[in-house]
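A.B. asks: This is query-v5.txt (compact mmCIF, C-alpha atoms).
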```
# COMPACT_ATOMS: atom_id res chain seq x y z
CA MET A 1 41.30 0.93 -4.71
CA PRO A 2 41.61 -2.60 -3.42
CA THR A 3 43.00 -5.35 -5.61
CA ILE A 4 42.64 -9.11 -5.36
CA VAL A 5 45.93 -10.77 -6.22
CA VAL A 6 45.90 -14.30 -7.61
CA GLU A 7 49.16 -16.23 -7.86
CA VAL A 8 49.44 -19.35 -10.02
CA MET A 9 52.43 -21.70 -10.25
CA PRO A 10 53.17 -24.75 -12.36
CA LYS A 11 52.58 -27.94 -10.37
CA PRO A 12 55.74 -29.25 -8.68
CA GLU A 13 55.62 -32.49 -10.67
CA ILE A 14 55.31 -30.66 -14.00
CA LEU A 15 58.58 -29.72 -15.65
CA ASP A 16 58.89 -25.96 -16.03
CA PRO A 17 60.93 -25.45 -19.21
CA GLN A 18 60.87 -21.66 -18.87
CA GLY A 19 62.13 -21.76 -15.29
CA LYS A 20 64.87 -24.12 -16.33
CA ALA A 21 66.00 -21.76 -19.12
CA ILE A 22 66.07 -18.83 -16.68
CA ALA A 23 68.10 -20.86 -14.18
CA ASN A 24 70.59 -21.70 -16.91
CA ALA A 25 70.90 -18.02 -17.92
CA LEU A 26 71.34 -16.52 -14.45
CA PRO A 27 75.05 -17.42 -14.06
CA HIS A 28 75.82 -15.69 -17.37
CA LEU A 29 75.03 -12.39 -15.66
CA GLY A 30 76.94 -13.31 -12.54
CA PHE A 31 73.92 -14.39 -10.50
CA THR A 32 75.18 -17.57 -8.92
CA GLY A 33 73.90 -19.56 -5.99
CA PHE A 34 70.38 -20.15 -7.33
CA SER A 35 69.99 -23.88 -7.81
CA SER A 36 66.71 -23.74 -9.79
CA VAL A 37 63.95 -21.38 -10.89
CA ARG A 38 60.23 -21.86 -11.38
CA GLN A 39 58.17 -19.29 -13.23
CA GLY A 40 54.53 -18.58 -12.37
CA LYS A 41 51.85 -15.97 -12.99
CA ARG A 42 50.40 -13.15 -10.94
CA PHE A 43 46.97 -11.66 -11.73
CA GLU A 44 45.69 -8.38 -10.25
CA LEU A 45 41.90 -8.13 -10.20
CA ASN A 46 40.99 -4.48 -9.53
CA ILE A 47 37.79 -3.55 -7.75
CA ASP A 48 35.80 -0.30 -7.68
CA GLY A 49 34.63 -0.14 -4.07
CA GLU A 50 34.87 -2.64 -1.24
CA VAL A 51 36.08 -6.20 -1.34
CA THR A 52 33.08 -8.27 -0.27
CA ASP A 53 33.11 -11.94 0.68
CA GLU A 54 31.10 -12.54 -2.46
CA LEU A 55 33.74 -10.88 -4.66
CA LEU A 56 36.54 -12.76 -2.96
CA GLU A 57 34.70 -16.04 -3.47
CA SER A 58 34.12 -15.11 -7.10
CA ALA A 59 37.86 -14.42 -7.50
CA ARG A 60 38.67 -17.82 -5.99
CA THR A 61 36.32 -19.51 -8.45
CA ALA A 62 37.81 -17.58 -11.38
CA ALA A 63 41.30 -18.54 -10.20
CA ALA A 64 40.37 -22.21 -10.06
CA GLU A 65 38.33 -22.39 -13.27
CA MET A 66 39.94 -19.90 -15.64
CA LEU A 67 43.14 -18.26 -14.40
CA SER A 68 44.70 -21.66 -13.76
CA ASN A 69 44.53 -25.01 -15.50
CA PRO A 70 44.38 -27.63 -12.73
CA VAL A 71 46.06 -30.21 -14.95
CA ILE A 72 49.33 -28.26 -14.96
CA GLU A 73 49.00 -25.45 -12.42
CA ASP A 74 48.15 -24.75 -8.77
CA VAL A 75 46.52 -21.61 -7.41
CA VAL A 76 49.03 -20.67 -4.73
CA SER A 77 47.19 -17.74 -3.17
CA VAL A 78 44.20 -15.41 -3.53
CA THR A 79 44.77 -12.35 -1.36
CA VAL A 80 43.52 -8.78 -0.97
CA ALA A 81 46.05 -5.98 -1.42
CA GLU A 82 45.29 -2.32 -0.64
CA GLY A 83 46.76 0.63 -2.49
CA LEU A 84 48.70 -1.11 -5.23
CA MET B 1 43.51 -33.19 -58.01
CA THR B 2 45.84 -30.22 -58.27
CA ALA B 3 44.41 -28.78 -61.41
CA GLU B 4 40.83 -28.32 -60.33
CA THR B 5 41.07 -26.93 -56.84
CA PRO B 6 42.17 -23.32 -56.58
CA LEU B 7 44.79 -22.64 -53.93
CA ILE B 8 42.74 -19.95 -52.21
CA GLY B 9 39.08 -19.24 -52.03
CA ASP B 10 36.42 -21.36 -53.56
CA HIS B 11 35.61 -24.21 -51.19
CA THR B 12 32.30 -25.22 -52.72
CA VAL B 13 31.75 -28.82 -53.71
CA PRO B 14 29.93 -29.61 -56.93
CA GLU B 15 26.44 -30.77 -56.05
CA THR B 16 26.95 -33.88 -58.12
CA SER B 17 29.69 -35.12 -55.78
CA PRO B 18 28.45 -38.34 -54.15
CA LEU B 19 29.99 -37.45 -50.77
CA ALA B 20 28.99 -33.81 -50.75
CA GLY B 21 26.47 -34.72 -48.05
CA ALA B 22 29.26 -34.77 -45.42
CA ARG B 23 29.25 -31.20 -44.11
CA ILE B 24 32.21 -30.44 -41.89
CA GLY B 25 32.35 -27.24 -39.88
CA ILE B 26 35.65 -25.38 -39.57
CA VAL B 27 35.78 -22.94 -36.67
CA THR B 28 37.56 -19.60 -37.01
CA PHE B 29 38.61 -17.84 -33.80
CA PRO B 30 40.50 -14.53 -33.70
CA GLY B 31 44.08 -15.67 -34.36
CA THR B 32 43.22 -18.93 -36.13
CA LEU B 33 45.67 -19.54 -38.98
CA ASP B 34 44.90 -22.87 -40.61
CA ASP B 35 41.16 -22.67 -41.17
CA ARG B 36 41.54 -22.22 -44.92
CA ASP B 37 43.96 -25.14 -45.18
CA ALA B 38 41.57 -27.31 -43.15
CA ALA B 39 38.65 -26.32 -45.38
CA ARG B 40 40.72 -27.17 -48.42
CA ALA B 41 41.66 -30.53 -46.92
CA VAL B 42 37.99 -31.33 -46.26
CA ARG B 43 37.19 -30.49 -49.84
CA LEU B 44 40.02 -32.63 -51.18
CA GLY B 45 38.76 -35.40 -48.90
CA GLY B 46 35.38 -35.25 -50.60
CA GLY B 47 33.39 -33.30 -48.02
CA THR B 48 31.84 -29.87 -47.89
CA PRO B 49 33.57 -27.41 -45.55
CA VAL B 50 31.24 -25.09 -43.64
CA PRO B 51 32.82 -21.99 -42.06
CA LEU B 52 31.83 -21.54 -38.39
CA TRP B 53 32.45 -18.30 -36.51
CA HIS B 54 33.62 -18.22 -32.88
CA ALA B 55 31.06 -15.61 -31.80
CA ASN B 56 28.07 -17.51 -33.20
CA ASP B 57 26.81 -20.55 -31.31
CA ALA B 58 25.12 -22.03 -34.41
CA LEU B 59 26.68 -25.11 -35.99
CA HIS B 60 24.38 -24.88 -39.04
CA GLY B 61 23.64 -28.61 -38.92
CA VAL B 62 27.19 -29.77 -39.68
CA ASP B 63 28.00 -33.47 -39.36
CA ALA B 64 31.43 -32.94 -37.77
CA VAL B 65 33.64 -30.08 -36.60
CA ILE B 66 37.33 -29.26 -36.98
CA LEU B 67 39.09 -26.83 -34.66
CA PRO B 68 42.08 -25.78 -36.77
CA GLY B 69 45.52 -24.62 -35.73
CA GLY B 70 46.79 -21.14 -35.05
CA PHE B 71 47.15 -18.85 -32.06
CA SER B 72 43.58 -18.18 -30.95
CA TYR B 73 43.48 -15.02 -28.82
CA GLY B 74 47.25 -14.80 -29.17
CA ASP B 75 47.71 -17.75 -26.79
CA TYR B 76 46.94 -15.25 -24.00
CA LEU B 77 46.59 -16.77 -20.51
CA ARG B 78 47.30 -20.28 -21.87
CA ALA B 79 47.07 -21.71 -25.38
CA GLY B 80 43.37 -22.34 -26.02
CA ALA B 81 42.25 -20.98 -22.65
CA ILE B 82 40.24 -18.01 -23.95
CA ALA B 83 38.88 -19.76 -27.05
CA ARG B 84 37.23 -22.31 -24.79
CA PHE B 85 34.75 -19.65 -23.68
CA ALA B 86 33.66 -18.67 -27.20
CA PRO B 87 29.91 -19.12 -27.87
CA VAL B 88 30.55 -21.70 -30.61
CA MET B 89 32.42 -23.86 -28.08
CA ASN B 90 29.33 -24.10 -25.84
CA THR B 91 27.44 -25.81 -28.65
CA ILE B 92 30.39 -27.99 -29.64
CA VAL B 93 30.96 -29.16 -26.05
CA ALA B 94 27.24 -29.95 -25.68
CA GLU B 95 26.98 -31.87 -28.96
CA ALA B 96 30.31 -33.68 -28.69
CA GLY B 97 29.50 -34.77 -25.15
CA ALA B 98 25.86 -35.67 -25.84
CA ALA B 99 24.94 -38.80 -23.92
CA ALA B 100 22.23 -39.90 -26.34
CA GLY B 101 22.58 -40.86 -29.98
CA SER B 102 25.75 -40.33 -31.98
CA PRO B 103 27.88 -37.58 -30.47
CA LEU B 104 29.35 -35.00 -32.85
CA PRO B 105 32.78 -36.00 -34.25
CA VAL B 106 35.30 -33.27 -33.41
CA LEU B 107 38.94 -33.00 -34.48
CA GLY B 108 41.30 -30.50 -32.87
CA ILE B 109 44.57 -29.82 -34.67
CA CYS B 110 47.44 -28.13 -32.81
CA ASN B 111 45.81 -25.07 -31.20
CA GLY B 112 42.50 -26.89 -31.72
CA PHE B 113 43.86 -29.77 -29.59
CA GLN B 114 44.86 -27.25 -26.93
CA ILE B 115 41.35 -25.78 -27.01
CA LEU B 116 39.81 -29.26 -26.59
CA THR B 117 41.91 -29.91 -23.47
CA GLU B 118 40.99 -26.52 -22.03
CA ALA B 119 37.33 -27.30 -22.76
CA HIS B 120 37.72 -30.64 -20.92
CA LEU B 121 36.66 -32.63 -23.97
CA LEU B 122 40.09 -34.27 -23.93
CA PRO B 123 42.33 -35.04 -20.92
CA GLY B 124 45.73 -33.54 -20.23
CA SER B 125 47.25 -30.26 -21.29
CA MET B 126 50.08 -28.79 -23.32
CA ILE B 127 53.12 -26.96 -21.96
CA LYS B 128 56.12 -25.48 -23.72
CA ASN B 129 58.35 -27.87 -25.67
CA ASP B 130 61.06 -29.23 -23.38
CA HIS B 131 63.75 -27.62 -25.58
CA LEU B 132 61.85 -24.29 -25.54
CA LYS B 133 62.17 -23.77 -29.28
CA PHE B 134 59.47 -23.35 -31.86
CA THR B 135 59.47 -26.60 -33.84
CA CYS B 136 58.76 -26.70 -37.57
CA ARG B 137 59.49 -29.96 -39.33
CA ASP B 138 58.02 -33.01 -40.99
CA GLN B 139 57.14 -35.56 -38.32
CA VAL B 140 56.60 -39.30 -38.52
CA LEU B 141 53.59 -40.56 -36.52
CA ARG B 142 52.21 -44.03 -35.84
CA VAL B 143 48.42 -44.37 -36.06
CA GLU B 144 47.54 -46.60 -33.12
CA ASN B 145 43.75 -46.33 -33.07
CA THR B 146 41.77 -46.82 -36.28
CA GLU B 147 38.37 -47.02 -34.57
CA THR B 148 37.67 -43.29 -34.60
CA ALA B 149 35.71 -41.52 -37.33
CA TRP B 150 38.87 -39.55 -38.10
CA THR B 151 41.21 -42.53 -38.51
CA SER B 152 38.99 -45.30 -39.87
CA GLN B 153 40.79 -45.55 -43.22
CA PHE B 154 44.28 -45.97 -41.78
CA THR B 155 45.67 -49.43 -41.13
CA GLN B 156 46.64 -50.27 -37.54
CA ASP B 157 50.14 -48.93 -36.69
CA GLU B 158 50.45 -47.25 -40.08
CA LEU B 159 53.32 -44.75 -40.22
CA ILE B 160 52.47 -41.35 -41.66
CA THR B 161 54.47 -38.16 -42.18
CA VAL B 162 52.84 -34.76 -41.66
CA PRO B 163 54.23 -31.31 -40.79
CA MET B 164 54.45 -30.16 -37.18
CA LYS B 165 54.86 -26.55 -36.05
CA ASN B 166 54.38 -25.39 -32.49
CA GLN B 167 55.94 -24.04 -29.34
CA ASP B 168 53.54 -25.42 -26.74
CA GLY B 169 53.49 -29.02 -27.92
CA GLN B 170 54.61 -30.98 -24.87
CA TYR B 171 51.65 -33.15 -23.85
CA VAL B 172 51.36 -33.64 -20.10
CA VAL B 173 48.80 -35.63 -18.14
CA ASP B 174 48.66 -37.15 -14.67
CA ASP B 175 49.84 -40.75 -14.30
CA ALA B 176 46.42 -42.24 -13.59
CA THR B 177 44.93 -40.68 -16.71
CA LEU B 178 47.98 -41.66 -18.73
CA HIS B 179 47.50 -45.30 -17.76
CA ALA B 180 43.82 -45.10 -18.61
CA LEU B 181 44.62 -43.62 -22.03
CA GLU B 182 47.07 -46.42 -22.75
CA ASP B 183 44.87 -49.21 -21.37
CA GLN B 184 41.83 -48.04 -23.30
CA GLY B 185 43.70 -47.60 -26.57
CA ARG B 186 42.97 -43.88 -26.61
CA VAL B 187 46.43 -42.88 -27.81
CA VAL B 188 45.52 -42.29 -31.44
CA PHE B 189 48.84 -40.91 -32.73
CA ARG B 190 52.33 -41.40 -31.31
CA TYR B 191 55.60 -39.72 -32.33
CA VAL B 192 58.09 -42.05 -33.97
CA GLY B 193 61.82 -41.49 -33.48
CA ALA B 194 63.39 -38.98 -31.12
CA SER B 195 60.80 -37.11 -29.07
CA PRO B 196 60.17 -33.74 -30.71
CA ASN B 197 58.97 -32.01 -27.54
CA GLY B 198 59.13 -34.21 -24.43
CA SER B 199 55.48 -35.33 -24.52
CA LYS B 200 54.48 -38.07 -22.06
CA ASN B 201 54.86 -41.48 -23.72
CA ASP B 202 55.56 -39.67 -27.02
CA ILE B 203 51.83 -38.97 -27.35
CA ALA B 204 50.95 -36.87 -30.39
CA GLY B 205 47.18 -37.33 -30.33
CA VAL B 206 44.44 -38.76 -28.08
CA ALA B 207 40.72 -39.52 -28.18
CA ASN B 208 37.97 -39.16 -25.60
CA GLU B 209 36.31 -42.27 -24.14
CA ARG B 210 33.69 -42.57 -26.85
CA GLY B 211 36.23 -41.90 -29.59
CA ASN B 212 34.30 -39.11 -31.29
CA VAL B 213 36.66 -36.35 -30.11
CA VAL B 214 40.27 -36.54 -31.31
CA GLY B 215 43.10 -34.06 -30.88
CA LEU B 216 46.58 -34.07 -32.38
CA MET B 217 49.47 -31.60 -32.41
CA PRO B 218 50.88 -32.12 -35.94
CA HIS B 219 49.06 -30.87 -39.03
CA PRO B 220 47.47 -33.43 -41.38
CA GLU B 221 45.77 -30.60 -43.31
CA HIS B 222 49.19 -29.53 -44.59
CA ALA B 223 49.82 -32.94 -46.17
CA VAL B 224 46.87 -33.42 -48.49
CA GLU B 225 48.11 -32.49 -51.93
CA ALA B 226 51.12 -33.69 -53.92
CA GLY B 227 53.49 -30.81 -54.54
CA TYR B 228 52.67 -29.06 -51.27
CA GLY B 229 53.22 -31.73 -48.61
CA PRO B 230 56.21 -33.24 -46.81
CA ASP B 231 58.95 -34.97 -48.77
CA ASP B 232 58.38 -38.69 -49.23
CA ALA B 233 59.73 -41.65 -51.17
CA THR B 234 58.13 -40.48 -54.39
CA GLY B 235 59.73 -37.04 -54.33
CA LEU B 236 60.04 -33.61 -52.78
CA ARG B 237 56.84 -32.31 -51.15
CA GLU B 238 54.85 -35.22 -52.57
CA GLY B 239 53.51 -36.52 -49.22
CA THR B 240 49.73 -36.69 -48.82
CA ASP B 241 49.46 -38.89 -45.72
CA GLY B 242 47.24 -36.35 -43.96
CA LEU B 243 44.47 -36.72 -46.52
CA THR B 244 43.35 -40.03 -44.99
CA ILE B 245 42.11 -38.15 -41.89
CA PHE B 246 39.66 -36.24 -44.06
CA THR B 247 38.61 -39.12 -46.31
CA SER B 248 38.09 -41.17 -43.13
CA VAL B 249 35.61 -38.75 -41.60
CA VAL B 250 33.79 -38.17 -44.88
CA SER B 251 33.52 -41.90 -45.40
CA SER B 252 32.37 -42.51 -41.82
CA LEU B 253 29.71 -39.81 -42.08
CA THR B 254 28.35 -41.05 -45.37
CA GLY B 255 28.00 -44.59 -44.14
CA GLY B 256 31.11 -46.19 -45.59
CA ASN B 257 33.98 -47.52 -43.56
CA ALA B 258 36.63 -48.48 -46.06
```
Show the structure stored in the file as structure tokens.

C.D. replies:
Amino acid sequence: MPTIVVEVMPKPEILDPQGKAIANALPHLGFTGFSSVRQGKRFELNIDGEVTDELLESARTAAAEMLSNPVIEDVVSVTVAEGL
Amino acid sequence: MTAETPLIGDHTVPETSPLAGARIGIVTFPGTLDDRDAARAVRLGGGTPVPLWHANDALHGVDAVILPGGFSYGDYLRAGAIARFAPVMNTIVAEAGAAAGSPLPVLGICNGFQILTEAHLLPGSMIKNDHLKFTCRDQVLRVENTETAWTSQFTQDELITVPMKNQDGQYVVDDATLHALEDQGRVVFRYVGASPNGSKNDIAGVANERGNVVGLMPHPEHAVEAGYGPDDATGLREGTDGLTIFTSVVSSLTGGNA
């Protein structure tokens, strides 16, 4: 079954408080060398059947209008993944 | 005031009340918490609260609408993001944005403010507080716009204290819009003192261009009755600064302005 994967990230100019907290916690577990962290979202839209251009376009529209808020987030990618 | 209004339940206004004509809808979404407090505040302000249900697009002829606080749809996706698509919101967006006549006055409190930004009735958005903690405290605000239906009975730059409780309370907006908000006097409420959450320009509440739609993060509906509000100069929990929001809208709707 194919899946359309949508990835959303906070805009670069928007502070990401969660990413900052994760970056601060990493060294406590010995993970050093990571200067900063940003946390985003990944959506998997599953499809029964084939991925059509129409479905892909519909996923792009959903990503832009619902899965992300353009005031604070960017849609980084909308891609098709097989066999997830 | 305390003796005659039961804490829970009966929100009806006696028909003899001179302001009972102001009917104010209170929307309940799945996960809304403060609808009963908002209804109570409307009643104490002299209006008639009308319960509105998220799944029903009818506004039942109300004169104004309040989107109360809470965690609609569990804050899934983003705070307010799912609630925006509720049938009742279609009608509210249409009536609040109506080009002709007097557009519907709408107030969004906390999660209601988040819903209004997601519905594009108000600019900007809310992200997590910069300190990442859930905040619950009494907050001092300055009322900077007294032209709206919701703030008409405040004096310019009046300081008020109302409770604030949220995790996603950091108001963010792009610089161009921020300048427009400031230039047009659309910052309605501003935090006073140390920033509680990192909001741009300490903004606590904004209005749309026509001033009929207002959103704010703190909770005026929790500061409407002596004995149950924030502490103030007169004693513990005596603060009722939030009540003026509700008397303002009732007064505006019934033709008064003072």

A.B. asks: Compile a residue-level contact table for chain A against chain B at a cut-off of 8 Å, reporting for every qualifying residue the shortest atom pair and its distance in Å to one decimal, with all atoms listed in the file counted, rows ordered by chain and ascending number, as a Markdown table.

C.D. replies:
```
| residue | atom | partner | partner_atom | distance |
| --- | --- | --- | --- | --- |
| A:Ile14 | CA | B:Val172 | CA | 7.9 |
| A:Pro17 | CA | B:Asp130 | CA | 5.6 |
| A:Gln18 | CA | B:Leu132 | CA | 7.2 |
| A:Met66 | CA | B:Ala81 | CA | 7.5 |
| A:Leu67 | CA | B:Leu77 | CA | 7.2 |
| A:Asn69 | CA | B:Glu118 | CA | 7.6 |
| A:Val71 | CA | B:Gly124 | CA | 6.3 |
| A:Ile72 | CA | B:Ser125 | CA | 7.0 |
```

A.B. asks: Just C-alpha atoms for this one: save the residues we selected as a short mmCIF file (atom, residue, chain, number, x, y, z; two decimals), in the frame of the given file.

C.D. replies:
```cif
data_model
loop_
_atom_site.label_atom_id
_atom_site.label_comp_id
_atom_site.auth_asym_id
_atom_site.auth_seq_id
_atom_site.Cartn_x
_atom_site.Cartn_y
_atom_site.Cartn_z
CA ILE A 14 55.31 -30.66 -14.00
CA PRO A 17 60.93 -25.45 -19.21
CA GLN A 18 60.87 -21.66 -18.87
CA MET A 66 39.94 -19.90 -15.64
CA LEU A 67 43.14 -18.26 -14.40
CA ASN A 69 44.53 -25.01 -15.50
CA VAL A 71 46.06 -30.21 -14.95
CA ILE A 72 49.33 -28.26 -14.96
#
```

A.B. asks: List as an MDAnalysis selection string the protein and nucleic acid residues near Glu13 in chain A, meaning an atom at most 10 Å away when all atoms listed in the file are counted, but skip any in the same chain fewer than 2 places from it.

C.D. replies: (chainID A and resid 10:11 15:16 72:73) or (chainID B and resid 174)

A.B. asks: Using only C-alpha atoms for the distances, tell me which of A:Ala62, A:Glu50, A:Gly19, A:Ser35 is nearest to Pro2 in chain A.

C.D. replies: A:Glu50

A.B. asks: Determine, counting only C-alpha atoms, which protein, DNA and RNA residues have an atom within 12 Å of an atom of range 181-184 of chain B; residues of the same chain fewer than 3 positions away are not included. Present the result as a PDB file with C-alpha atoms, keeping the file's coordinate frame.

C.D. replies:
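Final output, saved to selection-v8.pdb:
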```pdb
ATOM      1  CA  LEU B 122      40.090 -34.270 -23.930  1.00  0.00           C
ATOM      2  CA  PRO B 123      42.330 -35.040 -20.920  1.00  0.00           C
ATOM      3  CA  GLY B 124      45.730 -33.540 -20.230  1.00  0.00           C
ATOM      4  CA  GLU B 144      47.540 -46.600 -33.120  1.00  0.00           C
ATOM      5  CA  ASN B 145      43.750 -46.330 -33.070  1.00  0.00           C
ATOM      6  CA  GLU B 147      38.370 -47.020 -34.570  1.00  0.00           C
ATOM      7  CA  VAL B 173      48.800 -35.630 -18.140  1.00  0.00           C
ATOM      8  CA  ASP B 174      48.660 -37.150 -14.670  1.00  0.00           C
ATOM      9  CA  ASP B 175      49.840 -40.750 -14.300  1.00  0.00           C
ATOM     10  CA  ALA B 176      46.420 -42.240 -13.590  1.00  0.00           C
ATOM     11  CA  THR B 177      44.930 -40.680 -16.710  1.00  0.00           C
ATOM     12  CA  LEU B 178      47.980 -41.660 -18.730  1.00  0.00           C
ATOM     13  CA  VAL B 187      46.430 -42.880 -27.810  1.00  0.00           C
ATOM     14  CA  VAL B 188      45.520 -42.290 -31.440  1.00  0.00           C
ATOM     15  CA  PHE B 189      48.840 -40.910 -32.730  1.00  0.00           C
ATOM     16  CA  ARG B 190      52.330 -41.400 -31.310  1.00  0.00           C
ATOM     17  CA  LYS B 200      54.480 -38.070 -22.060  1.00  0.00           C
ATOM     18  CA  ASN B 201      54.860 -41.480 -23.720  1.00  0.00           C
ATOM     19  CA  ASP B 202      55.560 -39.670 -27.020  1.00  0.00           C
ATOM     20  CA  ILE B 203      51.830 -38.970 -27.350  1.00  0.00           C
ATOM     21  CA  GLY B 205      47.180 -37.330 -30.330  1.00  0.00           C
ATOM     22  CA  VAL B 206      44.440 -38.760 -28.080  1.00  0.00           C
ATOM     23  CA  ALA B 207      40.720 -39.520 -28.180  1.00  0.00           C
ATOM     24  CA  ASN B 208      37.970 -39.160 -25.600  1.00  0.00           C
ATOM     25  CA  GLU B 209      36.310 -42.270 -24.140  1.00  0.00           C
ATOM     26  CA  ARG B 210      33.690 -42.570 -26.850  1.00  0.00           C
ATOM     27  CA  GLY B 211      36.230 -41.900 -29.590  1.00  0.00           C
TER      28      GLY B 211
END
```

A.B. asks: Just the number, please: distance in Å from CA of Val65 in chain B to CA of Gly31 in chain B, one decimal.

C.D. replies: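 Atom-to-atom, CA of Val65 in chain B to CA of Gly31 in chain B, that is 17.9 Å.
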
A.B. asks: Here's a test: counting all atoms listed in the file, identify every protein, DNA and RNA residue with an atom at most 8 Å from (60.4, -29.9, -39.9) in the file's coordinate frame, and state them as a list of chain:residue names.

C.D. replies: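 Checked against the point, the hits come out as B:Thr135, B:Cys136, B:Arg137, B:Asp138, B:Gln139, B:Pro163, B:Met164, B:Lys165.
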
A.B. asks: May I have the residues from that selection written out with C-alpha atoms, as an mmCIF file, in the coordinates of the input?

C.D. replies:
```
data_model
loop_
_atom_site.group_PDB
_atom_site.id
_atom_site.type_symbol
_atom_site.label_atom_id
_atom_site.label_comp_id
_atom_site.auth_asym_id
_atom_site.auth_seq_id
_atom_site.Cartn_x
_atom_site.Cartn_y
_atom_site.Cartn_z
ATOM 1 C CA THR B 135 59.470 -26.600 -33.840
ATOM 2 C CA CYS B 136 58.760 -26.700 -37.570
ATOM 3 C CA ARG B 137 59.490 -29.960 -39.330
ATOM 4 C CA ASP B 138 58.020 -33.010 -40.990
ATOM 5 C CA GLN B 139 57.140 -35.560 -38.320
ATOM 6 C CA PRO B 163 54.230 -31.310 -40.790
ATOM 7 C CA MET B 164 54.450 -30.160 -37.180
ATOM 8 C CA LYS B 165 54.860 -26.550 -36.050
#
```

A.B. asks: Mind giving me the straight-line distance from CA of Ala99 in chain B to CA of Gly61 in chain B in Å, one decimal?

C.D. replies: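 The value is 18.2 Å.
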
A.B. asks: From the set B:Thr161, B:Asn166, B:Gln156, B:Asn90, which residue has the shortest atom-to-atom contact distance to Gln114 in chain B, counting all atoms listed in the file?

C.D. replies: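 Selected residue with least distance to Gln114 in chain B: B:Asn166.
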
A.B. asks: Can you pull out every residue within 12 Å of Ser58 in chain A, counting only C-alpha atoms, but drop anything in the same chain fewer than 5 positions away, and send it as a PyMOL selection string?

C.D. replies: chain A and resi 4+6+45+51-53+63-66+78

A.B. asks: Name the residues in contact with Thr3 in chain A at a cut-off of 9 Å, using only C-alpha atoms, excluding same-chain residues fewer than 4 positions from it; report them as a ChimeraX atom specification.

C.D. replies: /A:44-47,51,79-84

A.B. asks: Which of these, B:Trp150, B:Asp35, B:Pro51, B:Leu121, has the shortest distance to Ser251 in chain B once you count all atoms listed in the file?

C.D. replies: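 Of B:Trp150, B:Asp35, B:Pro51, B:Leu121, the one nearest Ser251 in chain B is B:Trp150, counting all atoms listed in the file.
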
A.B. asks: Do a neighbour search on Asn24 in chain A at 10 Å with only C-alpha atoms, toss out local chain neighbours closer than 3 positions, and write the hits as a list in words.

C.D. replies: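 Near Asn24 in chain A, the qualifying residues are Gln18, Gly19, Lys20, Ala21, Pro27, His28, Phe34, Ser35, Ser36 and Val37 of chain A.
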
A.B. asks: To one decimal place, how far is CA of Pro230 in chain B from CA of Gly185 in chain B in Å?

C.D. replies: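 We find that CA of Pro230 in chain B and CA of Gly185 in chain B lie 27.8 Å from each other.
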